[in-house]
file protein01.pdb (PDB, C-alpha atoms)
MODEL        1
ATOM      1  CA  MET A   1      21.381 -20.150  20.409
ATOM      2  CA  THR A   2      24.423 -18.040  19.650
ATOM      3  CA  GLY A   3      26.173 -17.884  16.339
ATOM      4  CA  SER A   4      28.672 -15.084  16.866
ATOM      5  CA  ARG A   5      31.794 -14.721  18.929
ATOM      6  CA  PRO A   6      31.548 -13.589  22.580
ATOM      7  CA  GLY A   7      31.488  -9.822  22.943
ATOM      8  CA  SER A   8      30.083  -9.239  19.455
ATOM      9  CA  GLY A   9      27.722  -6.357  18.759
ATOM     10  CA  ALA A  10      24.770  -8.684  18.216
ATOM     11  CA  GLU A  11      25.412 -10.489  21.492
ATOM     12  CA  ALA A  12      25.581  -7.193  23.386
ATOM     13  CA  VAL A  13      22.346  -5.949  21.809
ATOM     14  CA  ALA A  14      20.573  -9.231  22.594
ATOM     15  CA  GLU A  15      21.704  -9.060  26.215
ATOM     16  CA  LYS A  16      20.554  -5.440  26.496
ATOM     17  CA  LEU A  17      17.139  -6.344  25.079
ATOM     18  CA  ARG A  18      16.784  -9.288  27.473
ATOM     19  CA  GLN A  19      17.531  -7.001  30.415
ATOM     20  CA  GLU A  20      15.064  -4.344  29.257
ATOM     21  CA  HIS A  21      12.373  -6.833  28.184
ATOM     22  CA  PRO A  22      12.697  -9.890  30.442
ATOM     23  CA  TYR A  23      10.864 -13.158  29.981
ATOM     24  CA  GLY A  24       7.661 -13.262  32.012
ATOM     25  CA  THR A  25       7.315  -9.477  31.932
ATOM     26  CA  ALA A  26       7.605  -8.411  28.293
ATOM     27  CA  PRO A  27       4.299  -9.163  26.524
ATOM     28  CA  GLY A  28       4.210 -12.435  24.632
ATOM     29  CA  LEU A  29       7.974 -12.972  24.493
ATOM     30  CA  MET A  30       8.764 -16.458  23.191
ATOM     31  CA  SER A  31      12.455 -16.185  22.284
ATOM     32  CA  LEU A  32      15.187 -13.560  22.055
ATOM     33  CA  PHE A  33      18.703 -14.481  20.927
ATOM     34  CA  HIS A  34      21.481 -13.498  18.552
ATOM     35  CA  GLU A  35      22.604 -15.480  15.541
ATOM     36  CA  GLY A  36      25.543 -14.316  13.481
ATOM     37  CA  ASP A  37      25.393 -10.547  13.239
ATOM     38  CA  ARG A  38      21.623 -10.294  13.888
ATOM     39  CA  VAL A  39      19.232 -10.405  16.826
ATOM     40  CA  LEU A  40      16.051 -12.466  16.465
ATOM     41  CA  ILE A  41      12.904 -11.874  18.553
ATOM     42  CA  THR A  42       9.786 -14.041  18.411
ATOM     43  CA  VAL A  43       6.602 -12.992  20.208
ATOM     44  CA  ARG A  44       2.909 -13.870  20.298
ATOM     45  CA  VAL A  45       0.588 -10.888  20.605
ATOM     46  CA  SER A  46      -3.167 -10.499  20.970
ATOM     47  CA  ALA A  47      -3.435  -6.720  21.344
ATOM     48  CA  LEU A  48      -2.253  -3.746  19.321
ATOM     49  CA  ASP A  49      -0.356  -2.359  22.327
ATOM     50  CA  ASP A  50       1.767  -5.525  22.408
ATOM     51  CA  TRP A  51       2.752  -5.094  18.742
ATOM     52  CA  TYR A  52       3.578  -1.422  19.315
ATOM     53  CA  TYR A  53       5.546  -2.338  22.455
ATOM     54  CA  TRP A  54       7.882  -4.498  20.391
ATOM     55  CA  LEU A  55       8.141  -1.945  17.588
ATOM     56  CA  ASP A  56       9.296   0.541  20.239
ATOM     57  CA  ALA A  57      11.834  -2.029  21.441
ATOM     58  CA  ILE A  58      13.529  -2.382  18.041
ATOM     59  CA  GLY A  59      13.561   1.331  17.197
ATOM     60  CA  PRO A  60      11.173   3.929  15.749
ATOM     61  CA  GLN A  61      12.287   3.506  12.126
ATOM     62  CA  LEU A  62      12.152   0.106  10.454
ATOM     63  CA  THR A  63      14.854  -0.766   7.939
ATOM     64  CA  ARG A  64      12.544  -2.742   5.655
ATOM     65  CA  GLU A  65       8.827  -2.945   5.028
ATOM     66  CA  VAL A  66       6.635  -5.065   7.267
ATOM     67  CA  GLN A  67       5.961  -8.512   5.827
ATOM     68  CA  ARG A  68       2.723 -10.413   6.393
ATOM     69  CA  ILE A  69       2.406 -14.198   6.560
ATOM     70  CA  GLY A  70      -1.208 -14.994   7.436
ATOM     71  CA  VAL A  71      -1.835 -13.315  10.796
ATOM     72  CA  THR A  72       1.902 -13.025  11.504
ATOM     73  CA  LEU A  73       3.890  -9.834  10.903
ATOM     74  CA  ALA A  74       7.660  -9.587  10.465
ATOM     75  CA  ALA A  75       9.630  -6.375  10.914
ATOM     76  CA  THR A  76      13.307  -5.419  11.013
ATOM     77  CA  GLY A  77      14.785  -2.547  12.993
ATOM     78  CA  SER A  78      18.309  -1.600  13.996
ATOM     79  CA  MET A  79      20.053  -0.987  17.311
ATOM     80  CA  GLY A  80      23.597   0.320  17.281
ATOM     81  CA  GLY A  81      23.968  -0.809  13.689
ATOM     82  CA  VAL A  82      22.849  -4.361  14.542
ATOM     83  CA  PRO A  83      19.805  -5.660  12.600
ATOM     84  CA  VAL A  84      16.976  -6.787  14.893
ATOM     85  CA  ASP A  85      14.346  -9.075  13.347
ATOM     86  CA  LEU A  86      10.913  -9.261  14.983
ATOM     87  CA  LEU A  87       8.423 -12.045  14.231
ATOM     88  CA  ALA A  88       5.021 -11.398  15.831
ATOM     89  CA  TYR A  89       2.415 -14.151  15.718
ATOM     90  CA  GLY A  90      -1.153 -12.806  15.782
ATOM     91  CA  ALA A  91      -0.183  -9.168  15.165
ATOM     92  CA  TYR A  92      -2.044  -8.666  11.892
ATOM     93  CA  ASP A  93      -5.614  -8.838  13.226
ATOM     94  CA  PRO A  94      -5.288  -6.030  15.821
ATOM     95  CA  LEU A  95      -3.372  -3.888  13.315
ATOM     96  CA  GLU A  96      -6.091  -4.361  10.707
ATOM     97  CA  ALA A  97      -8.753  -3.525  13.315
ATOM     98  CA  ALA A  98      -6.929  -0.285  14.136
ATOM     99  CA  TRP A  99      -6.764   0.563  10.424
ATOM    100  CA  ARG A 100     -10.500   0.052  10.008
ATOM    101  CA  ALA A 101     -11.348   1.996  13.175
ATOM    102  CA  ALA A 102      -9.259   5.056  12.286
ATOM    103  CA  GLY A 103     -10.987   8.059  10.755
ATOM    104  CA  LEU A 104      -8.123   8.823   8.350
ATOM    105  CA  PRO A 105      -5.607   5.960   8.585
ATOM    106  CA  TYR A 106      -2.011   6.128   7.423
ATOM    107  CA  LEU A 107       0.442   3.278   7.915
ATOM    108  CA  LEU A 108       4.113   3.963   8.606
ATOM    109  CA  TRP A 109       6.750   1.533   9.901
ATOM    110  CA  GLY A 110       4.173  -0.943  11.175
ATOM    111  CA  ARG A 111       1.928   1.582  12.956
ATOM    112  CA  VAL A 112      -1.484   2.970  12.078
ATOM    113  CA  TYR A 113      -1.720   6.742  12.543
ATOM    114  CA  ASP A 114      -5.185   8.317  12.621
ATOM    115  CA  LEU A 115      -4.683  11.655  10.893
ATOM    116  CA  SER A 116      -8.190  12.791  11.855
ATOM    117  CA  GLU A 117      -6.958  13.386  15.419
ATOM    118  CA  PRO A 118      -4.017  15.290  16.921
ATOM    119  CA  LEU A 119      -1.032  13.047  17.641
ATOM    120  CA  ARG A 120       0.905  13.341  20.898
ATOM    121  CA  ASP A 121       4.717  13.090  20.879
ATOM    122  CA  ARG A 122       6.912  11.716  23.657
ATOM    123  CA  ALA A 123       7.294  15.179  25.226
ATOM    124  CA  GLY A 124       3.535  15.752  25.343
ATOM    125  CA  GLY A 125       3.410  18.089  22.342
ATOM    126  CA  HIS A 126       0.618  17.764  19.797
ATOM    127  CA  TRP A 127       0.958  17.433  16.017
ATOM    128  CA  THR A 128      -1.902  17.999  13.590
ATOM    129  CA  TYR A 129      -2.280  16.895   9.984
ATOM    130  CA  THR A 130      -2.217  19.941   7.701
ATOM    131  CA  GLY A 131      -4.185  18.377   4.864
ATOM    132  CA  GLY A 132      -1.129  18.553   2.629
ATOM    133  CA  THR A 133       1.372  15.952   1.523
ATOM    134  CA  ALA A 134       5.016  15.932   0.535
ATOM    135  CA  GLU A 135       6.490  14.023  -2.397
ATOM    136  CA  GLY A 136       5.205  10.453  -2.420
ATOM    137  CA  GLU A 137       1.924  11.466  -0.723
ATOM    138  CA  VAL A 138       3.578  11.486   2.710
ATOM    139  CA  PRO A 139       1.403  13.454   5.191
ATOM    140  CA  LEU A 140       2.592  16.820   6.511
ATOM    141  CA  LEU A 141       2.136  17.657  10.203
ATOM    142  CA  THR A 142       2.470  20.885  12.116
ATOM    143  CA  ALA A 143       2.985  21.409  15.842
ATOM    144  CA  SER A 144      -0.103  22.687  17.640
ATOM    145  CA  GLY A 145       0.207  26.394  18.291
ATOM    146  CA  GLY A 146       2.609  26.801  15.405
ATOM    147  CA  GLY A 147       0.052  28.486  13.186
ATOM    148  CA  GLY A 148       0.701  26.027  10.369
ATOM    149  CA  ALA A 149       4.310  27.121   9.945
ATOM    150  CA  ASP A 150       7.259  24.746   9.656
ATOM    151  CA  ALA A 151       5.261  21.694   8.535
ATOM    152  CA  ARG A 152       7.178  18.420   8.688
ATOM    153  CA  THR A 153       6.540  15.008   7.216
ATOM    154  CA  LEU A 154       5.181  12.263   9.439
ATOM    155  CA  PRO A 155       8.414  10.176   9.171
ATOM    156  CA  VAL A 156      10.501  13.162  10.304
ATOM    157  CA  VAL A 157       8.241  13.815  13.302
ATOM    158  CA  VAL A 158       8.312  10.131  14.265
ATOM    159  CA  CYS A 159      12.125   9.981  14.059
ATOM    160  CA  HIS A 160      12.734  13.169  16.034
ATOM    161  CA  ALA A 161       9.785  13.338  18.449
ATOM    162  CA  GLY A 162       8.214   9.874  18.401
ATOM    163  CA  PRO A 163       6.799   7.518  19.101
ATOM    164  CA  LEU A 164       3.505   9.295  18.461
ATOM    165  CA  GLY A 165       0.272   8.324  20.168
ATOM    166  CA  ALA A 166      -3.351   9.371  19.934
ATOM    167  CA  ASN A 167      -4.332  12.441  21.920
ATOM    168  CA  ALA A 168      -6.372  11.244  24.884
ATOM    169  CA  ASN A 169      -8.142  14.628  25.077
ATOM    170  CA  ARG A 170      -9.725  14.817  21.650
ATOM    171  CA  ASN A 171     -10.469  18.381  20.625
ATOM    172  CA  GLY A 172     -11.207  17.989  16.930
ATOM    173  CA  ASN A 173      -8.159  19.935  15.772
ATOM    174  CA  GLY A 174      -7.250  17.115  13.430
ATOM    175  CA  ASN A 175     -10.505  17.260  11.484
ATOM    176  CA  GLY A 176     -11.582  19.622   8.771
ATOM    177  CA  ASP A 177     -10.098  20.873   5.542
ATOM    178  CA  GLY A 178      -7.483  18.136   5.236
ATOM    179  CA  ALA A 179      -9.894  15.200   5.039
ATOM    180  CA  ASP A 180      -9.755  14.655   1.278
ATOM    181  CA  GLY A 181      -5.976  14.843   1.202
ATOM    182  CA  ALA A 182      -5.671  12.387   4.064
ATOM    183  CA  ARG A 183      -7.982   9.904   2.379
ATOM    184  CA  ALA A 184      -5.828  10.105  -0.729
ATOM    185  CA  ALA A 185      -2.738   9.484   1.401
ATOM    186  CA  ALA A 186      -4.391   6.481   3.050
ATOM    187  CA  ARG A 187      -5.544   4.537   0.000
ATOM    188  CA  GLY A 188      -6.395   0.855   0.331
ATOM    189  CA  ASN A 189      -7.782  -1.261   3.151
ATOM    190  CA  ASP A 190      -4.942  -3.719   3.729
ATOM    191  CA  PRO A 191      -2.390  -2.354   6.223
ATOM    192  CA  ALA A 192       0.349  -4.729   5.094
ATOM    193  CA  GLY A 193      -0.217  -3.724   1.471
ATOM    194  CA  ALA A 194      -0.310  -0.044   2.383
ATOM    195  CA  GLU A 195       2.947  -0.445   4.298
ATOM    196  CA  ALA A 196       4.605  -2.032   1.283
ATOM    197  CA  ALA A 197       3.424   0.732  -1.040
ATOM    198  CA  ALA A 198       4.570   3.450   1.343
ATOM    199  CA  ARG A 199       7.980   1.850   1.807
ATOM    200  CA  ARG A 200       8.445   1.523  -1.953
ATOM    201  CA  ARG A 201       7.752   5.233  -2.336
ATOM    202  CA  GLU A 202      10.135   6.021   0.505
ATOM    203  CA  ALA A 203      12.924   3.691  -0.685
ATOM    204  CA  GLY A 204      16.264   5.411  -0.676
ATOM    205  CA  ARG A 205      14.973   8.532   1.070
ATOM    206  CA  GLN A 206      16.184   9.413   4.561
ATOM    207  CA  PRO A 207      13.871  11.782   6.481
ATOM    208  CA  GLN A 208      15.533  15.100   7.264
ATOM    209  CA  PRO A 209      14.542  17.486  10.068
TER     210      PRO A 209
ENDMDL
END

call {"tool": "encode", "arguments": {"input": "protein01.pdb", "output": "structure tokens"}}
result
Amino acid sequence: MTGSRPGSGAEAVAEKLRQEHPYGTAPGLMSLFHEGDRVLITVRVSALDDWYYWLDAIGPQLTREVQRIGVTLAATGSMGGVPVDLLAYGAYDPLEAAWRAAGLPYLLWGRVYDLSEPLRDRAGGHWTYTGGTAEGEVPLLTASGGGGADARTLPVVVCHAGPLGANANRNGNGNGDGADGARAAARGNDPAGAEAAARRREAGRQPQP
């Protein structure tokens, strides 16, 4: 299905996504097409990695809060200024399981971050929760080896060094004095509800390095 003229931005983005995430290879891909000035992706996922795979595909920063419809999650990202809508059947259950399994969970842009452990960025660097929060109860992280200096908010780290993953070699650096602050930052037990609350607090604010 195509609803925009040949050569449009949405058509180019859809074609790029199809090349990078082809049918039969990309996990759970059901449909990927452009309509008007948007790209629409529909997938069926059974594992958290599949949901995160598609979040990576549409960009690290979502442009609106994740919506939940039963066990289905809907997210919107942007590529080259083109909105990309993702509808993921079955994504809620693994995301909720990750939330419940995390020591100190915090939900941002559709992902659960466990603040009780160091987080690894795409270059292999490690970021540790400081125990403090910025305005809106957004967690502050510091680079390992930085001595606690130059703390940055989680959204800033994600935008400039993400995506962030759990540190495979757990060393306990993420535990300790910050536990109470992290629990306050991670209120609630519904990841979709926590996402909505966090996005409302963040509305109109663009993370700065």

call {"tool": "closest_atom_pairs", "arguments": {"input": "protein01.pdb", "of": "region 25-57 of chain A", "to": "region 84-104 of chain A", "cutoff": "9 Å", "atoms": "all atoms listed in the file", "output": "CSV"}}
result
residue,atom,partner,partner_atom,distance
A:Gly28,CA,A:Ala88,CA,8.9
A:His34,CA,A:Val84,CA,8.9
A:Arg38,CA,A:Val84,CA,5.9
A:Val39,CA,A:Val84,CA,4.7
A:Leu40,CA,A:Asp85,CA,4.9
A:Ile41,CA,A:Leu86,CA,4.9
A:Thr42,CA,A:Leu87,CA,4.8
A:Val43,CA,A:Ala88,CA,4.9
A:Arg44,CA,A:Tyr89,CA,4.6
A:Val45,CA,A:Gly90,CA,5.5
A:Ser46,CA,A:Gly90,CA,6.0
A:Ala47,CA,A:Pro94,CA,5.9
A:Leu48,CA,A:Pro94,CA,5.2
A:Asp49,CA,A:Pro94,CA,9.0
A:Asp50,CA,A:Ala91,CA,8.3
A:Trp51,CA,A:Ala91,CA,6.2
A:Trp54,CA,A:Leu86,CA,7.8
A:Leu55,CA,A:Leu86,CA,8.2

call {"tool": "write_last_selection", "arguments": {"input": "protein01.pdb", "atoms": "C-alpha atoms", "output": "mmCIF file, keeping the file's coordinate frame"}}
result
data_model
loop_
_atom_site.group_PDB
_atom_site.id
_atom_site.type_symbol
_atom_site.label_atom_id
_atom_site.label_comp_id
_atom_site.auth_asym_id
_atom_site.auth_seq_id
_atom_site.Cartn_x
_atom_site.Cartn_y
_atom_site.Cartn_z
ATOM 1 C CA GLY A 28 4.210 -12.435 24.632
ATOM 2 C CA HIS A 34 21.481 -13.498 18.552
ATOM 3 C CA ARG A 38 21.623 -10.294 13.888
ATOM 4 C CA VAL A 39 19.232 -10.405 16.826
ATOM 5 C CA LEU A 40 16.051 -12.466 16.465
ATOM 6 C CA ILE A 41 12.904 -11.874 18.553
ATOM 7 C CA THR A 42 9.786 -14.041 18.411
ATOM 8 C CA VAL A 43 6.602 -12.992 20.208
ATOM 9 C CA ARG A 44 2.909 -13.870 20.298
ATOM 10 C CA VAL A 45 0.588 -10.888 20.605
ATOM 11 C CA SER A 46 -3.167 -10.499 20.970
ATOM 12 C CA ALA A 47 -3.435 -6.720 21.344
ATOM 13 C CA LEU A 48 -2.253 -3.746 19.321
ATOM 14 C CA ASP A 49 -0.356 -2.359 22.327
ATOM 15 C CA ASP A 50 1.767 -5.525 22.408
ATOM 16 C CA TRP A 51 2.752 -5.094 18.742
ATOM 17 C CA TRP A 54 7.882 -4.498 20.391
ATOM 18 C CA LEU A 55 8.141 -1.945 17.588
#

call {"tool": "atom_distance", "arguments": {"input": "protein01.pdb", "atom1": "CA of Thr153 (chain A)", "atom2": "CA of Leu141 (chain A)"}}
result
5.9 Å

call {"tool": "resolve_selection", "arguments": {"input": "protein01.pdb", "expression": "the PyMOL selection byres ((chain A and resi 76) around 8)", "output": "list in words"}}
result
Ile58, Leu62, Thr63, Arg64, Glu65, Val66, Ala74, Ala75, Gly77, Ser78, Pro83, Val84, Asp85 and Leu86 of chain A

call {"tool": "closest_residue", "arguments": {"input": "protein01.pdb", "among": "A:Pro139, A:Gly132, A:Pro118, A:Pro27", "to": "Tyr106 (chain A)", "atoms": "only C-alpha atoms"}}
result
A:Pro139

call {"tool": "closest_residue", "arguments": {"input": "protein01.pdb", "among": "A:Asp150, A:Leu119, A:Glu11, A:Glu135", "to": "Gly36 (chain A)", "atoms": "all atoms listed in the file"}}
result
A:Glu11

call {"tool": "closest_residue", "arguments": {"input": "protein01.pdb", "among": "A:Leu17, A:Ala26, A:Ala161, A:Ile69", "to": "Gly124 (chain A)", "atoms": "all atoms listed in the file"}}
result
A:Ala161
